[in-house]
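*Asks:* I'm passing along entry-v2.cif; it holds mmCIF, C-alpha atoms.
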data_query
#
loop_
_atom_site.group_PDB
_atom_site.id
_atom_site.type_symbol
_atom_site.label_atom_id
_atom_site.label_comp_id
_atom_site.auth_asym_id
_atom_site.auth_seq_id
_atom_site.Cartn_x
_atom_site.Cartn_y
_atom_site.Cartn_z
ATOM 1 C CA MET A 282 -41.147 -62.920 58.566
ATOM 2 C CA PRO A 283 -40.016 -59.483 57.360
ATOM 3 C CA VAL A 284 -39.339 -56.909 60.046
ATOM 4 C CA PRO A 285 -40.299 -53.255 59.445
ATOM 5 C CA ALA A 286 -37.693 -50.692 58.454
ATOM 6 C CA THR A 287 -37.838 -47.073 57.335
ATOM 7 C CA LEU A 288 -36.177 -45.638 54.261
ATOM 8 C CA GLU A 289 -33.917 -42.885 55.583
ATOM 9 C CA ARG A 290 -32.451 -41.599 52.321
ATOM 10 C CA VAL A 291 -31.932 -42.446 48.667
ATOM 11 C CA VAL A 292 -28.801 -41.780 46.601
ATOM 12 C CA VAL A 293 -28.904 -41.915 42.809
ATOM 13 C CA GLU A 294 -25.649 -43.638 41.879
ATOM 14 C CA THR A 295 -25.579 -43.514 38.070
ATOM 15 C CA THR A 296 -26.150 -40.910 35.375
ATOM 16 C CA ALA A 297 -28.967 -43.015 33.939
ATOM 17 C CA ALA A 298 -30.570 -43.168 37.426
ATOM 18 C CA ASP A 299 -31.008 -46.929 36.951
ATOM 19 C CA LEU A 300 -29.044 -47.696 40.120
ATOM 20 C CA LYS A 301 -29.960 -46.192 43.473
ATOM 21 C CA SER A 302 -28.690 -46.815 46.998
ATOM 22 C CA PHE A 303 -31.358 -47.158 49.674
ATOM 23 C CA TYR A 304 -30.371 -46.464 53.286
ATOM 24 C CA LEU A 305 -32.664 -48.217 55.767
ATOM 25 C CA LYS A 306 -33.042 -48.304 59.539
ATOM 26 C CA PHE A 307 -35.074 -50.733 61.584
ATOM 27 C CA LYS A 308 -38.010 -49.066 63.284
ATOM 28 C CA ASP A 309 -37.108 -50.567 66.664
ATOM 29 C CA GLY A 310 -33.361 -50.032 66.490
ATOM 30 C CA PRO A 311 -30.578 -52.389 65.341
ATOM 31 C CA ARG A 312 -31.697 -55.983 64.810
ATOM 32 C CA TRP A 313 -29.067 -57.798 62.804
ATOM 33 C CA ASP A 314 -25.573 -59.150 63.131
ATOM 34 C CA TYR A 315 -24.401 -59.574 59.544
ATOM 35 C CA LEU A 316 -21.116 -59.800 57.660
ATOM 36 C CA PRO A 317 -19.946 -58.806 54.158
ATOM 37 C CA GLY A 318 -21.237 -61.055 51.414
ATOM 38 C CA GLN A 319 -24.649 -61.745 52.919
ATOM 39 C CA PHE A 320 -27.958 -60.652 51.410
ATOM 40 C CA ALA A 321 -31.493 -59.862 52.492
ATOM 41 C CA GLU A 322 -35.016 -60.023 51.133
ATOM 42 C CA LEU A 323 -36.475 -56.538 50.654
ATOM 43 C CA SER A 324 -40.263 -56.467 50.605
ATOM 44 C CA LEU A 325 -42.858 -53.865 49.715
ATOM 45 C CA TYR A 326 -46.393 -54.464 50.806
ATOM 46 C CA GLY A 327 -48.569 -55.233 47.799
ATOM 47 C CA TYR A 328 -45.611 -55.945 45.506
ATOM 48 C CA GLY A 329 -43.644 -58.850 46.990
ATOM 49 C CA GLU A 330 -39.972 -59.263 47.875
ATOM 50 C CA SER A 331 -36.630 -59.459 46.122
ATOM 51 C CA PRO A 332 -33.183 -60.746 47.245
ATOM 52 C CA ILE A 333 -30.590 -57.953 47.322
ATOM 53 C CA GLY A 334 -26.960 -58.050 48.478
ATOM 54 C CA ILE A 335 -26.080 -55.906 51.494
ATOM 55 C CA ALA A 336 -23.818 -53.078 50.330
ATOM 56 C CA SER A 337 -23.084 -51.631 53.773
ATOM 57 C CA SER A 338 -20.544 -52.975 56.244
ATOM 58 C CA PRO A 339 -21.447 -53.825 59.855
ATOM 59 C CA THR A 340 -18.659 -51.411 60.812
ATOM 60 C CA GLU A 341 -20.659 -48.438 59.474
ATOM 61 C CA GLY A 342 -23.373 -48.193 62.112
ATOM 62 C CA GLU A 343 -27.117 -48.830 62.189
ATOM 63 C CA GLU A 344 -28.017 -48.032 58.588
ATOM 64 C CA LEU A 345 -28.307 -50.892 56.119
ATOM 65 C CA THR A 346 -27.495 -50.033 52.510
ATOM 66 C CA PHE A 347 -28.859 -51.771 49.425
ATOM 67 C CA THR A 348 -27.901 -50.663 45.913
ATOM 68 C CA VAL A 349 -30.673 -51.744 43.581
ATOM 69 C CA PHE A 350 -30.798 -51.934 39.787
ATOM 70 C CA ASN A 351 -34.115 -50.877 38.282
ATOM 71 C CA THR A 352 -34.979 -54.072 36.423
ATOM 72 C CA GLU A 353 -38.261 -55.176 34.870
ATOM 73 C CA GLY A 354 -39.281 -56.744 38.191
ATOM 74 C CA LYS A 355 -42.246 -55.157 39.942
ATOM 75 C CA VAL A 356 -40.443 -54.998 43.310
ATOM 76 C CA THR A 357 -37.369 -53.193 42.015
ATOM 77 C CA ARG A 358 -39.503 -50.804 39.963
ATOM 78 C CA ALA A 359 -41.541 -50.014 43.053
ATOM 79 C CA LEU A 360 -38.396 -49.540 45.153
ATOM 80 C CA HIS A 361 -37.110 -46.970 42.680
ATOM 81 C CA ARG A 362 -40.283 -44.923 43.172
ATOM 82 C CA LEU A 363 -39.880 -44.718 46.954
ATOM 83 C CA ALA A 364 -39.116 -41.527 48.858
ATOM 84 C CA PRO A 365 -37.571 -41.158 52.345
ATOM 85 C CA GLY A 366 -39.987 -42.153 55.066
ATOM 86 C CA ALA A 367 -41.389 -45.134 53.185
ATOM 87 C CA ALA A 368 -41.867 -48.475 54.931
ATOM 88 C CA VAL A 369 -39.818 -51.452 53.726
ATOM 89 C CA GLY A 370 -39.780 -55.009 55.041
ATOM 90 C CA LEU A 371 -36.463 -56.772 55.662
ATOM 91 C CA ARG A 372 -35.888 -60.498 56.012
ATOM 92 C CA GLY A 373 -32.431 -61.749 56.827
ATOM 93 C CA PRO A 374 -29.496 -61.711 56.997
ATOM 94 C CA LEU A 375 -29.289 -64.674 54.654
ATOM 95 C CA GLY A 376 -26.576 -66.738 53.022
ATOM 96 C CA ASN A 377 -22.906 -67.132 53.805
ATOM 97 C CA THR A 378 -20.197 -64.464 53.797
ATOM 98 C CA TRP A 379 -16.993 -63.633 52.013
ATOM 99 C CA PRO A 380 -14.272 -65.907 53.515
ATOM 100 C CA LEU A 381 -13.270 -63.443 56.226
ATOM 101 C CA GLU A 382 -11.295 -65.843 58.399
ATOM 102 C CA GLU A 383 -9.334 -67.080 55.408
ATOM 103 C CA LEU A 384 -8.656 -63.481 54.394
ATOM 104 C CA ARG A 385 -7.161 -62.463 57.726
ATOM 105 C CA GLY A 386 -3.437 -61.811 57.447
ATOM 106 C CA LYS A 387 -3.474 -62.226 53.675
ATOM 107 C CA ASN A 388 -3.398 -59.942 50.673
ATOM 108 C CA VAL A 389 -6.962 -59.158 49.602
ATOM 109 C CA THR A 390 -7.646 -58.636 45.889
ATOM 110 C CA VAL A 391 -11.090 -57.376 44.889
ATOM 111 C CA ILE A 392 -12.039 -57.493 41.197
ATOM 112 C CA GLY A 393 -15.415 -55.995 40.358
ATOM 113 C CA GLY A 394 -17.467 -54.844 37.423
ATOM 114 C CA GLY A 395 -20.793 -53.105 37.012
ATOM 115 C CA PHE A 396 -23.406 -53.152 39.756
ATOM 116 C CA ALA A 397 -22.141 -56.475 41.150
ATOM 117 C CA PHE A 398 -19.672 -54.289 43.084
ATOM 118 C CA THR A 399 -22.235 -53.829 45.890
ATOM 119 C CA THR A 400 -21.275 -56.622 48.290
ATOM 120 C CA GLN A 401 -17.617 -56.006 47.432
ATOM 121 C CA ARG A 402 -18.091 -52.479 48.757
ATOM 122 C CA SER A 403 -19.230 -54.069 52.014
ATOM 123 C CA LEU A 404 -16.023 -56.110 52.162
ATOM 124 C CA ILE A 405 -13.761 -53.163 51.294
ATOM 125 C CA LYS A 406 -15.319 -51.024 54.031
ATOM 126 C CA TYR A 407 -14.954 -53.914 56.487
ATOM 127 C CA VAL A 408 -11.266 -54.430 55.638
ATOM 128 C CA LEU A 409 -10.550 -50.693 55.921
ATOM 129 C CA ALA A 410 -12.235 -50.566 59.339
ATOM 130 C CA ASN A 411 -10.146 -53.548 60.524
ATOM 131 C CA ARG A 412 -7.030 -52.663 58.549
ATOM 132 C CA LYS A 413 -4.420 -54.237 60.807
ATOM 133 C CA ASP A 414 -6.044 -57.659 60.432
ATOM 134 C CA PHE A 415 -5.288 -57.818 56.698
ATOM 135 C CA ALA A 416 -2.247 -57.384 54.464
ATOM 136 C CA ASP A 417 -2.363 -55.441 51.163
ATOM 137 C CA LEU A 418 -5.750 -54.454 49.777
ATOM 138 C CA THR A 419 -5.971 -54.132 45.982
ATOM 139 C CA VAL A 420 -9.174 -53.203 44.162
ATOM 140 C CA VAL A 421 -9.840 -53.365 40.411
ATOM 141 C CA TYR A 422 -13.216 -51.892 39.531
ATOM 142 C CA GLY A 423 -14.653 -51.128 36.127
ATOM 143 C CA ALA A 424 -17.875 -49.987 34.475
ATOM 144 C CA ARG A 425 -19.108 -49.397 30.942
ATOM 145 C CA SER A 426 -18.816 -45.623 31.267
ATOM 146 C CA PRO A 427 -17.918 -42.986 33.895
ATOM 147 C CA GLY A 428 -21.610 -42.378 34.558
ATOM 148 C CA ALA A 429 -22.133 -46.062 35.414
ATOM 149 C CA LEU A 430 -19.579 -46.135 38.249
ATOM 150 C CA LEU A 431 -21.030 -46.640 41.733
ATOM 151 C CA TYR A 432 -20.071 -44.876 44.968
ATOM 152 C CA LYS A 433 -18.189 -42.069 43.242
ATOM 153 C CA PRO A 434 -17.355 -40.040 46.403
ATOM 154 C CA GLU A 435 -15.840 -43.142 48.018
ATOM 155 C CA LEU A 436 -13.912 -44.033 44.870
ATOM 156 C CA ALA A 437 -12.368 -40.555 44.950
ATOM 157 C CA GLU A 438 -11.344 -41.105 48.571
ATOM 158 C CA TRP A 439 -9.942 -44.561 47.883
ATOM 159 C CA GLU A 440 -7.833 -43.297 44.979
ATOM 160 C CA LYS A 441 -6.019 -40.989 47.424
ATOM 161 C CA SER A 442 -5.881 -43.384 50.372
ATOM 162 C CA PRO A 443 -2.625 -45.116 51.376
ATOM 163 C CA GLU A 444 -4.690 -47.954 52.864
ATOM 164 C CA LEU A 445 -5.450 -49.581 49.506
ATOM 165 C CA THR A 446 -4.500 -49.592 45.830
ATOM 166 C CA LEU A 447 -7.402 -48.806 43.476
ATOM 167 C CA HIS A 448 -7.269 -49.494 39.742
ATOM 168 C CA LEU A 449 -10.319 -47.745 38.304
ATOM 169 C CA THR A 450 -11.281 -48.221 34.668
ATOM 170 C CA VAL A 451 -14.148 -47.704 32.219
ATOM 171 C CA ASP A 452 -14.773 -49.434 28.908
ATOM 172 C CA LYS A 453 -15.111 -46.078 27.150
ATOM 173 C CA GLY A 454 -14.589 -42.637 28.627
ATOM 174 C CA ASP A 455 -16.377 -39.389 27.816
ATOM 175 C CA GLU A 456 -15.195 -35.789 27.519
ATOM 176 C CA THR A 457 -14.962 -35.492 31.326
ATOM 177 C CA TRP A 458 -13.013 -38.720 31.915
ATOM 178 C CA THR A 459 -9.278 -38.435 32.495
ATOM 179 C CA GLY A 460 -8.754 -41.889 33.965
ATOM 180 C CA ARG A 461 -7.998 -45.300 32.573
ATOM 181 C CA GLU A 462 -9.882 -46.915 29.707
ATOM 182 C CA GLY A 463 -9.960 -50.668 29.244
ATOM 183 C CA PHE A 464 -11.743 -53.830 30.229
ATOM 184 C CA VAL A 465 -11.274 -55.300 33.709
ATOM 185 C CA PRO A 466 -9.484 -58.506 32.523
ATOM 186 C CA THR A 467 -6.981 -56.354 30.618
ATOM 187 C CA VAL A 468 -6.269 -54.271 33.716
ATOM 188 C CA VAL A 469 -5.762 -57.424 35.792
ATOM 189 C CA GLU A 470 -3.243 -58.697 33.259
ATOM 190 C CA GLU A 471 -1.447 -55.358 32.875
ATOM 191 C CA GLU A 472 -1.106 -54.935 36.642
ATOM 192 C CA LYS A 473 0.079 -58.551 37.033
ATOM 193 C CA LEU A 474 -1.860 -58.986 40.269
ATOM 194 C CA PRO A 475 0.256 -61.414 42.312
ATOM 195 C CA PRO A 476 -1.252 -64.602 43.808
ATOM 196 C CA ASP A 477 1.286 -64.847 46.628
ATOM 197 C CA ASP A 478 -0.409 -65.287 50.018
ATOM 198 C CA ALA A 479 -3.555 -63.777 48.510
ATOM 199 C CA ILE A 480 -7.277 -64.351 48.042
ATOM 200 C CA ALA A 481 -9.246 -62.829 45.154
ATOM 201 C CA LEU A 482 -12.943 -61.947 45.226
ATOM 202 C CA ILE A 483 -14.465 -61.509 41.774
ATOM 203 C CA CYS A 484 -17.944 -60.171 41.011
ATOM 204 C CA GLY A 485 -19.285 -58.764 37.787
ATOM 205 C CA PRO A 486 -21.061 -59.563 34.551
ATOM 206 C CA PRO A 487 -20.595 -63.205 33.481
ATOM 207 C CA ILE A 488 -18.629 -62.094 30.412
ATOM 208 C CA MET A 489 -16.184 -60.192 32.632
ATOM 209 C CA ILE A 490 -15.660 -63.210 34.859
ATOM 210 C CA LYS A 491 -15.302 -65.511 31.843
ATOM 211 C CA PHE A 492 -12.388 -63.485 30.474
ATOM 212 C CA THR A 493 -10.821 -62.687 33.864
ATOM 213 C CA LEU A 494 -10.405 -66.292 35.007
ATOM 214 C CA PRO A 495 -7.937 -67.295 32.230
ATOM 215 C CA VAL A 496 -5.871 -64.211 33.086
ATOM 216 C CA MET A 497 -5.829 -65.234 36.756
ATOM 217 C CA ASP A 498 -4.746 -68.737 35.766
ATOM 218 C CA LYS A 499 -1.968 -67.272 33.616
ATOM 219 C CA LEU A 500 -0.770 -65.208 36.592
ATOM 220 C CA GLY A 501 -0.583 -68.304 38.785
ATOM 221 C CA TRP A 502 -3.813 -68.052 40.782
ATOM 222 C CA LYS A 503 -5.375 -71.348 41.896
ATOM 223 C CA PRO A 504 -9.161 -71.995 41.891
ATOM 224 C CA GLU A 505 -9.175 -72.311 45.686
ATOM 225 C CA GLN A 506 -7.786 -68.747 45.933
ATOM 226 C CA ILE A 507 -10.650 -67.199 43.947
ATOM 227 C CA TYR A 508 -14.185 -66.578 45.230
ATOM 228 C CA THR A 509 -17.323 -65.209 43.628
ATOM 229 C CA SER A 510 -20.942 -64.535 44.593
ATOM 230 C CA LEU A 511 -23.895 -66.021 42.712
ATOM 231 C CA GLU A 512 -26.610 -63.955 44.386
ATOM 232 C CA MET A 513 -28.270 -63.059 41.064
ATOM 233 C CA ARG A 514 -29.743 -66.576 40.868
ATOM 234 C CA MET A 515 -31.844 -66.411 44.034
ATOM 235 C CA LYS A 516 -35.527 -65.963 44.755
ATOM 236 C CA CYS A 517 -36.905 -67.153 48.118
ATOM 237 C CA GLY A 518 -33.632 -67.035 50.081
ATOM 238 C CA VAL A 519 -34.326 -70.107 52.230
ATOM 239 C CA GLY A 520 -33.953 -73.098 49.896
ATOM 240 C CA MET A 521 -37.671 -73.706 49.332
ATOM 241 C CA CYS A 522 -38.450 -72.602 45.769
ATOM 242 C CA GLY A 523 -35.666 -74.528 43.996
ATOM 243 C CA ARG A 524 -34.921 -71.697 41.592
ATOM 244 C CA CYS A 525 -31.277 -71.319 42.597
ATOM 245 C CA ASN A 526 -30.107 -74.920 42.798
ATOM 246 C CA ILE A 527 -26.914 -75.908 40.998
ATOM 247 C CA GLY A 528 -26.639 -79.676 41.210
ATOM 248 C CA PRO A 529 -26.948 -80.500 44.928
ATOM 249 C CA LYS A 530 -26.306 -76.918 46.055
ATOM 250 C CA TYR A 531 -28.789 -74.162 46.799
ATOM 251 C CA VAL A 532 -27.174 -70.782 46.207
ATOM 252 C CA CYS A 533 -29.290 -69.066 48.879
ATOM 253 C CA VAL A 534 -28.433 -71.601 51.595
ATOM 254 C CA ASP A 535 -25.004 -72.992 50.627
ATOM 255 C CA GLY A 536 -23.871 -69.653 49.136
ATOM 256 C CA PRO A 537 -24.089 -67.156 47.615
ATOM 257 C CA VAL A 538 -20.289 -67.098 48.041
ATOM 258 C CA PHE A 539 -18.380 -70.006 46.504
ATOM 259 C CA SER A 540 -14.764 -70.629 45.598
ATOM 260 C CA PHE A 541 -14.047 -71.606 42.016
ATOM 261 C CA ALA A 542 -12.646 -74.870 43.371
ATOM 262 C CA GLU A 543 -16.152 -75.618 44.708
ATOM 263 C CA LEU A 544 -17.854 -74.493 41.493
ATOM 264 C CA SER A 545 -15.592 -76.702 39.365
ATOM 265 C CA LYS A 546 -17.272 -79.747 40.963
ATOM 266 C CA LEU A 547 -20.787 -78.570 40.077
ATOM 267 C CA PRO A 548 -22.748 -78.572 36.800
ATOM 268 C CA GLN A 549 -21.827 -75.533 34.700
ATOM 269 C CA GLU A 550 -25.269 -73.956 35.117
ATOM 270 C CA TYR A 551 -24.183 -70.738 36.779
#
Hey, can you dump this file as structure tokens for me?
*Replies:*
Amino acid sequence: MPVPATLERVVVETTAADLKSFYLKFKDGPRWDYLPGQFAELSLYGYGESPIGIASSPTEGEELTFTVFNTEGKVTRALHRLAPGAAVGLRGPLGNTWPLEELRGKNVTVIGGGFAFTTQRSLIKYVLANRKDFADLTVVYGARSPGALLYKPELAEWEKSPELTLHLTVDKGDETWTGREGFVPTVVEEEKLPPDDAIALICGPPIMIKFTLPVMDKLGWKPEQIYTSLEMRMKCGVGMCGRCNIGPKYVCVDGPVFSFAELSKLPQEY
């Protein structure tokens, strides 16, 4: 059953205001032990519920953060109309996590595009808070335009930080943009991201992933070194509705995080 939470604040992330971050707190204090990569069901009374990846890290305190795209769904549309103080139901945490134990002591490469960057933000914040447990942290993040980039204050901090290397890019800049222009797969190839003692975590539009994987193969990455999240396929979150099954797997129960070695054994439905 959903447990009650209160919307503490809302941050508009994009120029188009189609992506907002919602900061929630449980009414009765902290309830969850969760890890980066997991998701939750957000519910609004009278509208229903929707599965959303957790964008915050457990290292950040009591607030839970969800960055939500304003789709045609009635739940997400209703969420985007909320103001601080509103009641929201939370069910979770659900699903598996990014492969944290496998990442420990290794180089961590995060490759993200668009609003799929949300659960990758959770991982980045987790790695930075436990920095000595991991080797190099490299992040490639891209969006269609400067106004579509998420978490802009944090991106500015990360660009200056010695704790990670950030390669930030947009498909097409505007008159204010002085940074890099180019697609994410091109940046990956130009930077020659090394596979040595490393794990890569890729999330983004399917077209981005489609063109990034051949580049990774060219650079020497193996399928078992590359992970992705398939959370966009889910509905109920507990393996009951059957909407997210891929062959014998249910994304909400067996995932949403899978290695590409695992996915290569499944029907190409994702």
*Asks:* For Gly501 of chain A, list every protein, DNA or RNA residue within 10 Å, evaluated using only C-alpha atoms, and leave out those in the same chain fewer than 2 positions away; present the list as a compact mmCIF listing (two decimals) with C-alpha atoms, in the frame of the given file.
*Replies:*
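Heads up, here's the output in result-v8.txt:
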# COMPACT_ATOMS: atom_id res chain seq x y z
CA LYS A 473 0.08 -58.55 37.03
CA LEU A 474 -1.86 -58.99 40.27
CA PRO A 475 0.26 -61.41 42.31
CA PRO A 476 -1.25 -64.60 43.81
CA ASP A 477 1.29 -64.85 46.63
CA PRO A 495 -7.94 -67.30 32.23
CA VAL A 496 -5.87 -64.21 33.09
CA MET A 497 -5.83 -65.23 36.76
CA ASP A 498 -4.75 -68.74 35.77
CA LYS A 499 -1.97 -67.27 33.62
CA LYS A 503 -5.38 -71.35 41.90
CA PRO A 504 -9.16 -72.00 41.89
*Asks:* Please work out which residues fall within 12 Å of (-26.9, -54.7, 54.2), coordinates as given in the file, with all atoms listed in the file counting, and return them as a count of residues only.
*Replies:* 49
*Asks:* From the set A:Lys433, A:Pro285, A:Leu418, A:His448, which residue has the shortest atom-to-atom contact distance to Ala367 of chain A, counting only C-alpha atoms?
*Replies:*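 Closest residue, counting only C-alpha atoms: A:Pro285.
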*Asks:* Let me know the residues the PyMOL selection byres ((chain A and resi 483) around 6) catches in the file above, as an mmCIF file with C-alpha atoms, in the coordinates of the input.
*Replies:*
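The resulting result-v8.cif:
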data_model
loop_
_atom_site.group_PDB
_atom_site.id
_atom_site.type_symbol
_atom_site.label_atom_id
_atom_site.label_comp_id
_atom_site.auth_asym_id
_atom_site.auth_seq_id
_atom_site.Cartn_x
_atom_site.Cartn_y
_atom_site.Cartn_z
ATOM 1 C CA ILE A 392 -12.039 -57.493 41.197
ATOM 2 C CA GLY A 393 -15.415 -55.995 40.358
ATOM 3 C CA LEU A 482 -12.943 -61.947 45.226
ATOM 4 C CA CYS A 484 -17.944 -60.171 41.011
ATOM 5 C CA THR A 509 -17.323 -65.209 43.628
#
*Asks:* If the PyMOL selection byres ((chain A and resi 383) around 12) were run on this exact file, what residues would it hold? Put them as a PyMOL selection string.
*Replies:* chain A and resi 378-382+384-389+414-415+478-482+505-508+540
*Asks:* Find, counting only C-alpha atoms, the residue in A:Val391, A:Val534, A:Ala286, A:Leu449 that gets nearest to Glu462 of chain A.
*Replies:*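 With only C-alpha atoms as the atom set, the closest residue is A:Leu449.
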*Asks:* Evaluate the PyMOL selection byres ((chain A and resi 426) around 9) here and jot the selected residues down as a ChimeraX atom specification.
*Replies:* /A:423-425,427-430,450-455
*Asks:* Select, from A:Arg524, A:Glu512, A:Phe539, A:Lys308, the residue with the minimum atom-to-atom distance to Glu289 of chain A, counting all atoms listed in the file.
*Replies:*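 Nearest to Glu289 of chain A: A:Lys308.
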*Asks:* Just the number, please: distance in Å from atom CA of Gly485 of chain A to atom CA of Pro466 of chain A, one decimal.
*Replies:*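 Computing the Euclidean distance for atom CA of Gly485 of chain A and atom CA of Pro466 of chain A yields 11.1 Å.
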*Asks:* Using Å and a single decimal, report how far atom CA of Leu360 of chain A sits from atom CA of Ser324 of chain A.
*Replies:*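 Answer for the atom CA of Ser324 of chain A to atom CA of Leu360 of chain A separation: 9.0 Å.
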*Asks:* For atom CA of Tyr407 of chain A and atom CA of Asp299 of chain A, quote the distance in Å rounded to one decimal.
*Replies:* 26.2 Å
*Asks:* Residues within 12 Å of Pro529 of chain A, please, as a list of chain:residue names. Count only C-alpha atoms; anything in the same chain fewer than 2 positions from it doesn't count.
*Replies:*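 Skipping anything fewer than 2 positions along the chain leaves A:Gly520, A:Gly523, A:Cys525, A:Asn526, A:Ile527, A:Tyr531, A:Val532, A:Val534, A:Asp535, A:Glu543, A:Leu544, A:Lys546, A:Leu547, A:Pro548, A:Glu550.
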*Asks:* Pick the closest to Lys491 of chain A from A:Val465, A:Val421, A:Gly354, A:Ser331: which is it, counting all atoms listed in the file?
*Replies:*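 When distances to Lys491 of chain A are compared using all atoms listed in the file, the smallest one comes from A:Val465.
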*Asks:* Of the candidates A:Val293, A:Phe541, A:Pro443, A:Glu471, which shows the shortest atom-to-atom distance to Ile490 of chain A, using all atoms listed in the file?
*Replies:* A:Phe541
*Asks:* Provide segment 395-420 of chain A of the preceding structure as a file containing C-alpha atoms, as a JSON list (two decimals), in the first residue's frame.
*Replies:*
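So the final result, stored in part-v9.json, reads:
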[["chain", "number", "residue", "atom", "x", "y", "z"],
["A", 395, "GLY", "CA", 17.80, 13.38, -21.89],
["A", 396, "PHE", "CA", 15.60, 12.85, -18.85],
["A", 397, "ALA", "CA", 16.80, 9.26, -18.39],
["A", 398, "PHE", "CA", 19.67, 10.86, -16.44],
["A", 399, "THR", "CA", 17.57, 10.81, -13.25],
["A", 400, "THR", "CA", 18.64, 7.53, -11.66],
["A", 401, "GLN", "CA", 22.18, 8.16, -12.92],
["A", 402, "ARG", "CA", 22.16, 11.33, -10.83],
["A", 403, "SER", "CA", 21.38, 9.12, -7.84],
["A", 404, "LEU", "CA", 24.41, 6.96, -8.61],
["A", 405, "ILE", "CA", 26.74, 9.93, -9.18],
["A", 406, "LYS", "CA", 25.75, 11.49, -5.85],
["A", 407, "TYR", "CA", 26.24, 8.12, -4.14],
["A", 408, "VAL", "CA", 29.72, 7.65, -5.63],
["A", 409, "LEU", "CA", 30.74, 11.20, -4.69],
["A", 410, "ALA", "CA", 29.57, 10.65, -1.10],
["A", 411, "ASN", "CA", 31.58, 7.40, -0.90],
["A", 412, "ARG", "CA", 34.44, 8.56, -3.10],
["A", 413, "LYS", "CA", 37.22, 6.42, -1.65],
["A", 414, "ASP", "CA", 35.31, 3.24, -2.47],
["A", 415, "PHE", "CA", 35.52, 3.86, -6.23],
["A", 416, "ALA", "CA", 38.24, 4.64, -8.76],
["A", 417, "ASP", "CA", 37.81, 7.25, -11.53],
["A", 418, "LEU", "CA", 34.34, 8.66, -12.14],
["A", 419, "THR", "CA", 33.62, 9.81, -15.71],
["A", 420, "VAL", "CA", 30.27, 11.24, -16.78]]
